[in-house]
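Okay, upload07.pdb now, which holds PDB, C-alpha atoms and all ligand atoms:
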ATOM      1  CA  MET D   1      67.316 129.022  -4.888  1.00  0.00           C
ATOM      2  CA  ARG D   2      70.874 128.362  -3.930  1.00  0.00           C
ATOM      3  CA  SER D   3      73.712 126.384  -5.444  1.00  0.00           C
ATOM      4  CA  TYR D   4      74.669 123.050  -3.877  1.00  0.00           C
ATOM      5  CA  SER D   5      77.668 120.929  -4.833  1.00  0.00           C
ATOM      6  CA  PHE D   6      78.311 117.346  -3.835  1.00  0.00           C
ATOM      7  CA  THR D   7      79.998 114.231  -5.129  1.00  0.00           C
ATOM      8  CA  LEU D   8      77.554 111.922  -6.887  1.00  0.00           C
ATOM      9  CA  ASN D   9      78.739 108.469  -7.887  1.00  0.00           C
ATOM     10  CA  GLY D  10      82.340 109.650  -8.150  1.00  0.00           C
ATOM     11  CA  ARG D  11      81.802 112.938  -9.961  1.00  0.00           C
ATOM     12  CA  GLN D  12      81.262 116.466  -8.707  1.00  0.00           C
ATOM     13  CA  VAL D  13      77.810 117.907  -9.417  1.00  0.00           C
ATOM     14  CA  THR D  14      76.279 121.325  -8.745  1.00  0.00           C
ATOM     15  CA  VAL D  15      72.547 122.045  -8.702  1.00  0.00           C
ATOM     16  CA  GLN D  16      70.388 125.122  -8.204  1.00  0.00           C
ATOM     17  CA  ALA D  17      67.586 124.185  -5.845  1.00  0.00           C
ATOM     18  CA  PRO D  18      65.574 125.353  -2.837  1.00  0.00           C
ATOM     19  CA  ALA D  19      67.327 124.334   0.401  1.00  0.00           C
ATOM     20  CA  ASP D  20      64.449 122.089   1.429  1.00  0.00           C
ATOM     21  CA  MET D  21      64.104 120.231  -1.874  1.00  0.00           C
ATOM     22  CA  PRO D  22      64.476 116.516  -1.059  1.00  0.00           C
ATOM     23  CA  LEU D  23      67.579 114.876  -2.471  1.00  0.00           C
ATOM     24  CA  LEU D  24      65.375 112.338  -4.296  1.00  0.00           C
ATOM     25  CA  TRP D  25      63.819 115.120  -6.362  1.00  0.00           C
ATOM     26  CA  VAL D  26      67.281 116.552  -7.100  1.00  0.00           C
ATOM     27  CA  LEU D  27      68.579 113.165  -8.193  1.00  0.00           C
ATOM     28  CA  ARG D  28      65.636 112.159 -10.353  1.00  0.00           C
ATOM     29  CA  ASP D  29      64.325 115.473 -11.728  1.00  0.00           C
ATOM     30  CA  LEU D  30      67.410 117.694 -11.891  1.00  0.00           C
ATOM     31  CA  LEU D  31      70.196 115.173 -12.456  1.00  0.00           C
ATOM     32  CA  GLY D  32      68.394 112.351 -14.302  1.00  0.00           C
ATOM     33  CA  VAL D  33      69.544 109.682 -11.838  1.00  0.00           C
ATOM     34  CA  THR D  34      66.542 107.361 -11.688  1.00  0.00           C
ATOM     35  CA  GLY D  35      67.876 104.284  -9.866  1.00  0.00           C
ATOM     36  CA  PRO D  36      66.497 105.519  -6.521  1.00  0.00           C
ATOM     37  CA  LYS D  37      62.759 104.962  -6.873  1.00  0.00           C
ATOM     38  CA  TYR D  38      59.887 107.123  -5.619  1.00  0.00           C
ATOM     39  CA  GLY D  39      57.413 105.081  -3.626  1.00  0.00           C
ATOM     40  CA  CYS D  40      55.992 106.948  -0.609  1.00  0.00           C
ATOM     41  CA  GLY D  41      58.001 110.164  -0.356  1.00  0.00           C
ATOM     42  CA  VAL D  42      57.882 110.056   3.446  1.00  0.00           C
ATOM     43  CA  GLY D  43      60.752 107.727   4.397  1.00  0.00           C
ATOM     44  CA  VAL D  44      58.693 104.577   4.871  1.00  0.00           C
ATOM     45  CA  CYS D  45      58.849 102.309   1.801  1.00  0.00           C
ATOM     46  CA  ARG D  46      62.621 102.746   1.323  1.00  0.00           C
ATOM     47  CA  ALA D  47      62.461 102.329  -2.448  1.00  0.00           C
ATOM     48  CA  CYS D  48      64.741 105.374  -2.709  1.00  0.00           C
ATOM     49  CA  THR D  49      67.462 104.025  -0.379  1.00  0.00           C
ATOM     50  CA  SER D  50      70.913 105.352  -1.260  1.00  0.00           C
ATOM     51  CA  HIS D  51      74.070 106.239   0.670  1.00  0.00           C
ATOM     52  CA  LEU D  52      75.329 109.560   2.098  1.00  0.00           C
ATOM     53  CA  ASP D  53      79.002 109.413   3.064  1.00  0.00           C
ATOM     54  CA  GLY D  54      78.670 105.616   2.924  1.00  0.00           C
ATOM     55  CA  ALA D  55      75.703 105.346   5.291  1.00  0.00           C
ATOM     56  CA  GLU D  56      72.164 104.406   4.300  1.00  0.00           C
ATOM     57  CA  ILE D  57      69.693 107.247   3.782  1.00  0.00           C
ATOM     58  CA  GLN D  58      66.227 107.701   2.336  1.00  0.00           C
ATOM     59  CA  PRO D  59      66.751 110.641  -0.030  1.00  0.00           C
ATOM     60  CA  CYS D  60      63.029 111.475  -0.144  1.00  0.00           C
ATOM     61  CA  VAL D  61      63.394 112.864   3.399  1.00  0.00           C
ATOM     62  CA  VAL D  62      66.915 114.357   3.189  1.00  0.00           C
ATOM     63  CA  PRO D  63      67.004 118.024   2.079  1.00  0.00           C
ATOM     64  CA  VAL D  64      69.586 118.809  -0.588  1.00  0.00           C
ATOM     65  CA  ALA D  65      71.129 121.420   1.747  1.00  0.00           C
ATOM     66  CA  ASP D  66      72.194 118.564   4.073  1.00  0.00           C
ATOM     67  CA  CYS D  67      74.185 116.959   1.229  1.00  0.00           C
ATOM     68  CA  ALA D  68      76.380 119.959   0.363  1.00  0.00           C
ATOM     69  CA  ASN D  69      80.052 119.000   0.040  1.00  0.00           C
ATOM     70  CA  ARG D  70      79.296 115.386   0.938  1.00  0.00           C
ATOM     71  CA  THR D  71      79.297 112.115  -1.019  1.00  0.00           C
ATOM     72  CA  VAL D  72      76.093 110.614  -2.408  1.00  0.00           C
ATOM     73  CA  THR D  73      76.043 107.119  -3.870  1.00  0.00           C
ATOM     74  CA  THR D  74      73.081 105.639  -5.693  1.00  0.00           C
ATOM     75  CA  ILE D  75      72.700 102.199  -7.230  1.00  0.00           C
ATOM     76  CA  GLU D  76      74.276 103.626 -10.387  1.00  0.00           C
ATOM     77  CA  GLY D  77      77.535 104.251  -8.510  1.00  0.00           C
ATOM     78  CA  LEU D  78      77.729 101.033  -6.493  1.00  0.00           C
ATOM     79  CA  ALA D  79      79.816  98.969  -8.909  1.00  0.00           C
ATOM     80  CA  ASP D  80      83.483  99.717  -9.423  1.00  0.00           C
ATOM     81  CA  GLY D  81      83.965 100.069 -13.169  1.00  0.00           C
ATOM     82  CA  ASP D  82      82.281  97.524 -15.449  1.00  0.00           C
ATOM     83  CA  GLY D  83      82.140  94.656 -12.919  1.00  0.00           C
ATOM     84  CA  LEU D  84      79.158  94.153 -10.648  1.00  0.00           C
ATOM     85  CA  HIS D  85      79.430  94.868  -6.932  1.00  0.00           C
ATOM     86  CA  PRO D  86      79.423  91.543  -4.989  1.00  0.00           C
ATOM     87  CA  VAL D  87      75.922  92.311  -3.688  1.00  0.00           C
ATOM     88  CA  GLN D  88      74.661  92.924  -7.230  1.00  0.00           C
ATOM     89  CA  GLN D  89      76.292  89.663  -8.340  1.00  0.00           C
ATOM     90  CA  ALA D  90      74.623  87.770  -5.502  1.00  0.00           C
ATOM     91  CA  TRP D  91      71.287  89.321  -6.531  1.00  0.00           C
ATOM     92  CA  MET D  92      71.822  88.041 -10.073  1.00  0.00           C
ATOM     93  CA  ASP D  93      72.939  84.597  -8.863  1.00  0.00           C
ATOM     94  CA  CYS D  94      69.843  84.257  -6.673  1.00  0.00           C
ATOM     95  CA  ASP D  95      67.516  85.720  -9.319  1.00  0.00           C
ATOM     96  CA  VAL D  96      66.034  88.005  -6.671  1.00  0.00           C
ATOM     97  CA  ALA D  97      64.116  90.588  -8.674  1.00  0.00           C
ATOM     98  CA  GLN D  98      60.493  90.189  -9.678  1.00  0.00           C
ATOM     99  CA  CYS D  99      59.013  93.490 -10.984  1.00  0.00           C
ATOM    100  CA  GLY D 100      62.258  95.152  -9.889  1.00  0.00           C
ATOM    101  CA  PHE D 101      60.850  98.419  -8.567  1.00  0.00           C
ATOM    102  CA  CYS D 102      62.106  98.044  -5.010  1.00  0.00           C
ATOM    103  CA  GLN D 103      65.366  96.338  -5.920  1.00  0.00           C
ATOM    104  CA  PRO D 104      67.791  99.301  -6.182  1.00  0.00           C
ATOM    105  CA  GLY D 105      66.759 100.293  -2.657  1.00  0.00           C
ATOM    106  CA  GLN D 106      66.990  96.693  -1.449  1.00  0.00           C
ATOM    107  CA  ILE D 107      70.539  96.355  -2.807  1.00  0.00           C
ATOM    108  CA  MET D 108      71.654  99.669  -1.290  1.00  0.00           C
ATOM    109  CA  ALA D 109      70.150  98.658   2.074  1.00  0.00           C
ATOM    110  CA  ALA D 110      71.851  95.248   1.884  1.00  0.00           C
ATOM    111  CA  THR D 111      75.198  96.841   1.036  1.00  0.00           C
ATOM    112  CA  ALA D 112      74.906  99.204   4.001  1.00  0.00           C
ATOM    113  CA  LEU D 113      73.996  96.278   6.279  1.00  0.00           C
ATOM    114  CA  LEU D 114      77.016  94.235   5.147  1.00  0.00           C
ATOM    115  CA  LYS D 115      79.270  97.226   5.749  1.00  0.00           C
ATOM    116  CA  ARG D 116      77.979  97.525   9.329  1.00  0.00           C
ATOM    117  CA  THR D 117      77.648  93.783   9.916  1.00  0.00           C
ATOM    118  CA  PRO D 118      79.755  91.631   7.582  1.00  0.00           C
ATOM    119  CA  ARG D 119      78.184  88.375   8.868  1.00  0.00           C
ATOM    120  CA  PRO D 120      74.515  89.254   9.409  1.00  0.00           C
ATOM    121  CA  THR D 121      72.136  86.908  11.190  1.00  0.00           C
ATOM    122  CA  ASP D 122      68.602  86.245   9.968  1.00  0.00           C
ATOM    123  CA  ALA D 123      67.445  88.783  12.555  1.00  0.00           C
ATOM    124  CA  ASP D 124      69.858  91.390  11.180  1.00  0.00           C
ATOM    125  CA  ILE D 125      68.512  90.784   7.667  1.00  0.00           C
ATOM    126  CA  ASP D 126      64.905  90.821   8.836  1.00  0.00           C
ATOM    127  CA  ALA D 127      65.556  94.231  10.425  1.00  0.00           C
ATOM    128  CA  ILE D 128      65.843  95.725   6.914  1.00  0.00           C
ATOM    129  CA  GLU D 129      62.625  97.701   6.525  1.00  0.00           C
ATOM    130  CA  ASN D 130      62.551  98.018   2.718  1.00  0.00           C
ATOM    131  CA  ILE D 131      59.154  96.983   1.378  1.00  0.00           C
ATOM    132  CA  CYS D 132      58.813  94.581  -1.559  1.00  0.00           C
ATOM    133  CA  ARG D 133      55.281  94.347  -2.916  1.00  0.00           C
ATOM    134  CA  CYS D 134      56.291  91.239  -4.886  1.00  0.00           C
ATOM    135  CA  GLY D 135      57.394  89.440  -1.729  1.00  0.00           C
ATOM    136  CA  THR D 136      60.971  88.614  -2.723  1.00  0.00           C
ATOM    137  CA  TYR D 137      62.115  88.576   0.907  1.00  0.00           C
ATOM    138  CA  ALA D 138      63.279  84.947   0.938  1.00  0.00           C
ATOM    139  CA  ARG D 139      65.508  85.480  -2.079  1.00  0.00           C
ATOM    140  CA  ILE D 140      66.799  88.770  -0.629  1.00  0.00           C
ATOM    141  CA  ARG D 141      67.859  86.881   2.502  1.00  0.00           C
ATOM    142  CA  GLU D 142      69.551  84.196   0.395  1.00  0.00           C
ATOM    143  CA  ALA D 143      71.400  86.804  -1.681  1.00  0.00           C
ATOM    144  CA  ILE D 144      72.615  88.744   1.350  1.00  0.00           C
ATOM    145  CA  LYS D 145      74.013  85.539   2.853  1.00  0.00           C
ATOM    146  CA  LYS D 146      75.695  84.690  -0.448  1.00  0.00           C
ATOM    147  CA  ALA D 147      77.204  88.188  -0.664  1.00  0.00           C
ATOM    148  CA  ALA D 148      78.437  87.888   2.930  1.00  0.00           C
ATOM    149  CA  GLU D 149      80.181  84.608   2.081  1.00  0.00           C
ATOM    150  CA  SER D 150      81.891  86.247  -0.886  1.00  0.00           C
ATOM    151  CA  GLY D 151      83.038  89.169   1.253  1.00  0.00           C
ATOM    152  CA  GLY D 152      80.500  91.595  -0.265  1.00  0.00           C
TER     153      GLY D 152
HETATM  154  S1  LIG G 201      60.212 107.021  -1.489  1.00  0.00           S
HETATM  155 FE1  LIG G 201      59.539 105.770   0.187  1.00  0.00          FE
HETATM  156  S2  LIG G 201      61.201 105.944   1.597  1.00  0.00           S
HETATM  157 FE2  LIG G 201      61.771 107.277  -0.014  1.00  0.00          FE
HETATM  158  S1  LIG G 202      60.437  93.112  -6.821  1.00  0.00           S
HETATM  159 FE1  LIG G 202      58.494  94.067  -7.147  1.00  0.00          FE
HETATM  160  S2  LIG G 202      58.298  95.407  -5.431  1.00  0.00           S
HETATM  161 FE2  LIG G 202      60.054  94.244  -4.995  1.00  0.00          FE
END
Same coordinates, now as structure tokens:
Amino acid sequence: MRSYSFTLNGRQVTVQAPADMPLLWVLRDLLGVTGPKYGCGVGVCRACTSHLDGAEIQPCVVPVADCANRTVTTIEGLADGDGLHPVQQAWMDCDVAQCGFCQPGQIMAATALLKRTPRPTDADIDAIENICRCGTYARIREAIKKAAESGG
């Protein structure tokens, strides 16, 4: 066990963990941050999608040792203060969620896409690999376009 410190959603945290413990386990089991969901644990379903130094990651396949002294953002840290992030607002406006399980990961993937590509095409949106068992893909596409129009 070693000690790892990183910035999580704007605050400094330190955890004692094995170097190879996946960040998702650290977030959910050690730090009580449950927005990133556990689906497959092997980097495929993308329910856990979060950001490391502003870029999309799947924390189920990122060892905590790789996050030392870096910045981790989960869905809990996306909004600035009490207001919703523009992508979250677009999600609400388009009533995207069904069961909701995949949605934190979907929103974090969409936010990362809009950062890379502020005006995404349908092909750009379809390249998002996050799985939704409820099939909300059409509303996800609508919400991403709405967020892009609002500068999200
Ligand atoms: S839990 Fe499926 S990609 Fe992380
Ligand atoms: S809203 Fe149910 S899995 Fe996506």
Neighbouring residues of Gln98 (chain D) were defined as those with any atom within 9 Å, considering only C-alpha atoms; residues of the same chain fewer than 3 positions away were excluded. Please report them as a short mmCIF file (atom, residue, chain, number, x, y, z; two decimals) with C-alpha atoms, in the coordinates of the input.
data_model
loop_
_atom_site.label_atom_id
_atom_site.label_comp_id
_atom_site.auth_asym_id
_atom_site.auth_seq_id
_atom_site.Cartn_x
_atom_site.Cartn_y
_atom_site.Cartn_z
CA ASP D 95 67.52 85.72 -9.32
CA PHE D 101 60.85 98.42 -8.57
CA GLN D 103 65.37 96.34 -5.92
CA CYS D 134 56.29 91.24 -4.89
CA GLY D 135 57.39 89.44 -1.73
CA THR D 136 60.97 88.61 -2.72
#
(request) Just say which residues the PyMOL selection byres (((chain D and resi 67-74) around 6) and not hetatm) picks in this file, as a ChimeraX atom specification. (result) /D:4-9,50-53,64-66,75-77
(request) Carefully work through the PyMOL selection byres (((not hetatm)) within 8 of (chain G and resi 201)) for this structure and note down the residues it includes, as number ranges by chain. (result) D: 24, 37-49, 58-61
(message) Nearest residue to ligand LIG 202 (chain G) out of D:Thr121, D:Glu149, D:Ile140, D:Cys102, using only C-alpha atoms and all ligand atoms?
(response) D:Cys102
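Nearest to ligand LIG 202 (chain G) of all the residues D:Pro120, D:Gly83, D:Pro22, D:Gly100 is D:Gly100, based on only C-alpha atoms and all ligand atoms.
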(request) Report the residues retrieved by the PyMOL selection byres (((chain D and resi 129) around 10) and not hetatm) from the displayed file, expressed as JSON, numbers by chain. (result) {"D": [44, 45, 46, 106, 109, 125, 126, 127, 128, 130, 131, 132]}
(message) Ranking D:Lys145, D:Asp82, D:Cys99, D:Pro18 by minimum distance to ligand LIG 202 (chain G) and counting all atoms listed in the file, which one comes first?
(response) D:Cys99
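You will find CA of Ile144 (chain D) at 21.6 Å from CA of Gly81 (chain D).
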Please enclose the listed atoms of ligand LIG 202 (chain G) in an axis-aligned box, pad each side by 6 Å, and write out the centre and the three edge lengths in Å, rounded to one decimal, as JSON.
{"center_x": 59.4, "center_y": 94.3, "center_z": -6.1, "size_x": 14.1, "size_y": 14.3, "size_z": 14.2}
(request) Name the residues within 12 Å of (80.0, 82.6, -5.6), counting all atoms listed in the file in the file's coordinates, and put them as a list in words. (result) Pro86, Val87, Gln88, Gln89, Ala90, Trp91, Met92, Asp93, Cys94, Ala143, Ile144, Lys145, Lys146, Ala147, Ala148, Glu149, Ser150, Gly151 and Gly152 of chain D
Convert the current residue selection to file output with C-alpha atoms, as a PDB file, keeping the file's coordinate frame.
ATOM      1  CA  PRO D  86      79.423  91.543  -4.989  1.00  0.00           C
ATOM      2  CA  VAL D  87      75.922  92.311  -3.688  1.00  0.00           C
ATOM      3  CA  GLN D  88      74.661  92.924  -7.230  1.00  0.00           C
ATOM      4  CA  GLN D  89      76.292  89.663  -8.340  1.00  0.00           C
ATOM      5  CA  ALA D  90      74.623  87.770  -5.502  1.00  0.00           C
ATOM      6  CA  TRP D  91      71.287  89.321  -6.531  1.00  0.00           C
ATOM      7  CA  MET D  92      71.822  88.041 -10.073  1.00  0.00           C
ATOM      8  CA  ASP D  93      72.939  84.597  -8.863  1.00  0.00           C
ATOM      9  CA  CYS D  94      69.843  84.257  -6.673  1.00  0.00           C
ATOM     10  CA  ALA D 143      71.400  86.804  -1.681  1.00  0.00           C
ATOM     11  CA  ILE D 144      72.615  88.744   1.350  1.00  0.00           C
ATOM     12  CA  LYS D 145      74.013  85.539   2.853  1.00  0.00           C
ATOM     13  CA  LYS D 146      75.695  84.690  -0.448  1.00  0.00           C
ATOM     14  CA  ALA D 147      77.204  88.188  -0.664  1.00  0.00           C
ATOM     15  CA  ALA D 148      78.437  87.888   2.930  1.00  0.00           C
ATOM     16  CA  GLU D 149      80.181  84.608   2.081  1.00  0.00           C
ATOM     17  CA  SER D 150      81.891  86.247  -0.886  1.00  0.00           C
ATOM     18  CA  GLY D 151      83.038  89.169   1.253  1.00  0.00           C
ATOM     19  CA  GLY D 152      80.500  91.595  -0.265  1.00  0.00           C
TER      20      GLY D 152
END
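A straight line drawn from CA of Ala123 (chain D) to CA of Gly35 (chain D) is 27.3 Å long.
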(message) Just checking: using all atoms listed in the file, which residue out of D:Val26, D:Ala112, D:Val96, D:Ile107 ends up closest to ligand LIG 202 (chain G)?
(response) D:Val96
(request) Figure out the distance between CA of Val62 (chain D) and CA of Ala97 (chain D), please, to one decimal in Å. (result) 26.7 Å
(request) Pick out the closest residue to ligand LIG 202 (chain G) from this set: D:Leu114, D:Pro104, D:Asp122, D:Gln12. Count only C-alpha atoms and all ligand atoms. (result) D:Pro104
(request) Return the single residue from D:Leu78, D:Leu113, D:Gly105, D:Gly32 that is closest to ligand LIG 202 (chain G), with distances computed using all atoms listed in the file. (result) D:Gly105
Would you mind putting back all heavy atoms on region 28-39 of chain D, then writing it out as a compact mmCIF listing (two decimals), in the frame of the given file?
# COMPACT_ATOMS: atom_id res chain seq x y z
N ARG D 28 66.47 112.64 -9.25
CA ARG D 28 65.64 112.16 -10.35
C ARG D 28 65.28 113.26 -11.35
O ARG D 28 65.38 113.07 -12.56
CB ARG D 28 64.34 111.52 -9.81
CG ARG D 28 64.59 110.23 -9.01
CD ARG D 28 63.26 109.61 -8.57
NE ARG D 28 62.41 109.34 -9.71
CZ ARG D 28 62.44 108.23 -10.42
NH1 ARG D 28 63.26 107.24 -10.09
NH2 ARG D 28 61.64 108.08 -11.44
N ASP D 29 64.88 114.44 -10.83
CA ASP D 29 64.32 115.47 -11.73
C ASP D 29 65.39 116.43 -12.25
O ASP D 29 65.27 116.92 -13.37
CB ASP D 29 63.23 116.27 -11.01
CG ASP D 29 62.03 115.40 -10.66
OD1 ASP D 29 61.93 114.28 -11.19
OD2 ASP D 29 61.20 115.83 -9.84
N LEU D 30 66.40 116.73 -11.45
CA LEU D 30 67.41 117.69 -11.89
C LEU D 30 68.62 117.01 -12.49
O LEU D 30 69.27 117.56 -13.38
CB LEU D 30 67.85 118.60 -10.73
CG LEU D 30 66.73 119.40 -10.03
CD1 LEU D 30 67.32 120.35 -9.00
CD2 LEU D 30 65.92 120.18 -11.07
N LEU D 31 68.96 115.82 -11.99
CA LEU D 31 70.20 115.17 -12.46
C LEU D 31 69.94 113.92 -13.30
O LEU D 31 70.89 113.32 -13.81
CB LEU D 31 71.07 114.81 -11.24
CG LEU D 31 71.58 116.04 -10.45
CD1 LEU D 31 72.23 115.59 -9.14
CD2 LEU D 31 72.59 116.84 -11.29
N GLY D 32 68.70 113.49 -13.43
CA GLY D 32 68.39 112.35 -14.30
C GLY D 32 68.89 111.02 -13.77
O GLY D 32 69.08 110.07 -14.54
N VAL D 33 69.09 110.93 -12.46
CA VAL D 33 69.54 109.68 -11.84
C VAL D 33 68.31 108.97 -11.28
O VAL D 33 67.75 109.38 -10.26
CB VAL D 33 70.57 109.98 -10.72
CG1 VAL D 33 70.97 108.70 -9.99
CG2 VAL D 33 71.81 110.64 -11.34
N THR D 34 67.86 107.94 -11.97
CA THR D 34 66.54 107.36 -11.69
C THR D 34 66.60 106.00 -11.00
O THR D 34 65.55 105.37 -10.81
CB THR D 34 65.73 107.23 -12.99
OG1 THR D 34 66.50 106.46 -13.92
CG2 THR D 34 65.42 108.60 -13.59
N GLY D 35 67.80 105.55 -10.61
CA GLY D 35 67.88 104.28 -9.87
C GLY D 35 67.11 104.35 -8.55
O GLY D 35 66.32 103.44 -8.24
N PRO D 36 67.29 105.40 -7.75
CA PRO D 36 66.50 105.52 -6.52
C PRO D 36 65.03 105.77 -6.89
O PRO D 36 64.72 106.74 -7.58
CB PRO D 36 67.11 106.74 -5.82
CG PRO D 36 68.42 106.98 -6.50
CD PRO D 36 68.26 106.50 -7.90
N LYS D 37 64.16 104.90 -6.46
CA LYS D 37 62.76 104.96 -6.87
C LYS D 37 61.91 105.78 -5.90
O LYS D 37 62.19 105.84 -4.71
CB LYS D 37 62.17 103.55 -6.98
CG LYS D 37 62.86 102.71 -8.05
CD LYS D 37 62.62 103.28 -9.44
CE LYS D 37 63.22 102.44 -10.54
NZ LYS D 37 64.49 102.98 -11.04
N TYR D 38 60.86 106.40 -6.43
CA TYR D 38 59.89 107.12 -5.62
C TYR D 38 58.73 106.18 -5.31
O TYR D 38 58.04 105.71 -6.22
CB TYR D 38 59.37 108.35 -6.36
CG TYR D 38 58.23 109.03 -5.65
CD1 TYR D 38 58.48 109.78 -4.50
CD2 TYR D 38 56.93 108.90 -6.08
CE1 TYR D 38 57.44 110.39 -3.81
CE2 TYR D 38 55.88 109.51 -5.40
CZ TYR D 38 56.15 110.24 -4.27
OH TYR D 38 55.12 110.83 -3.59
N GLY D 39 58.54 105.92 -4.02
CA GLY D 39 57.41 105.08 -3.63
C GLY D 39 56.44 105.86 -2.76
O GLY D 39 55.32 106.13 -3.15
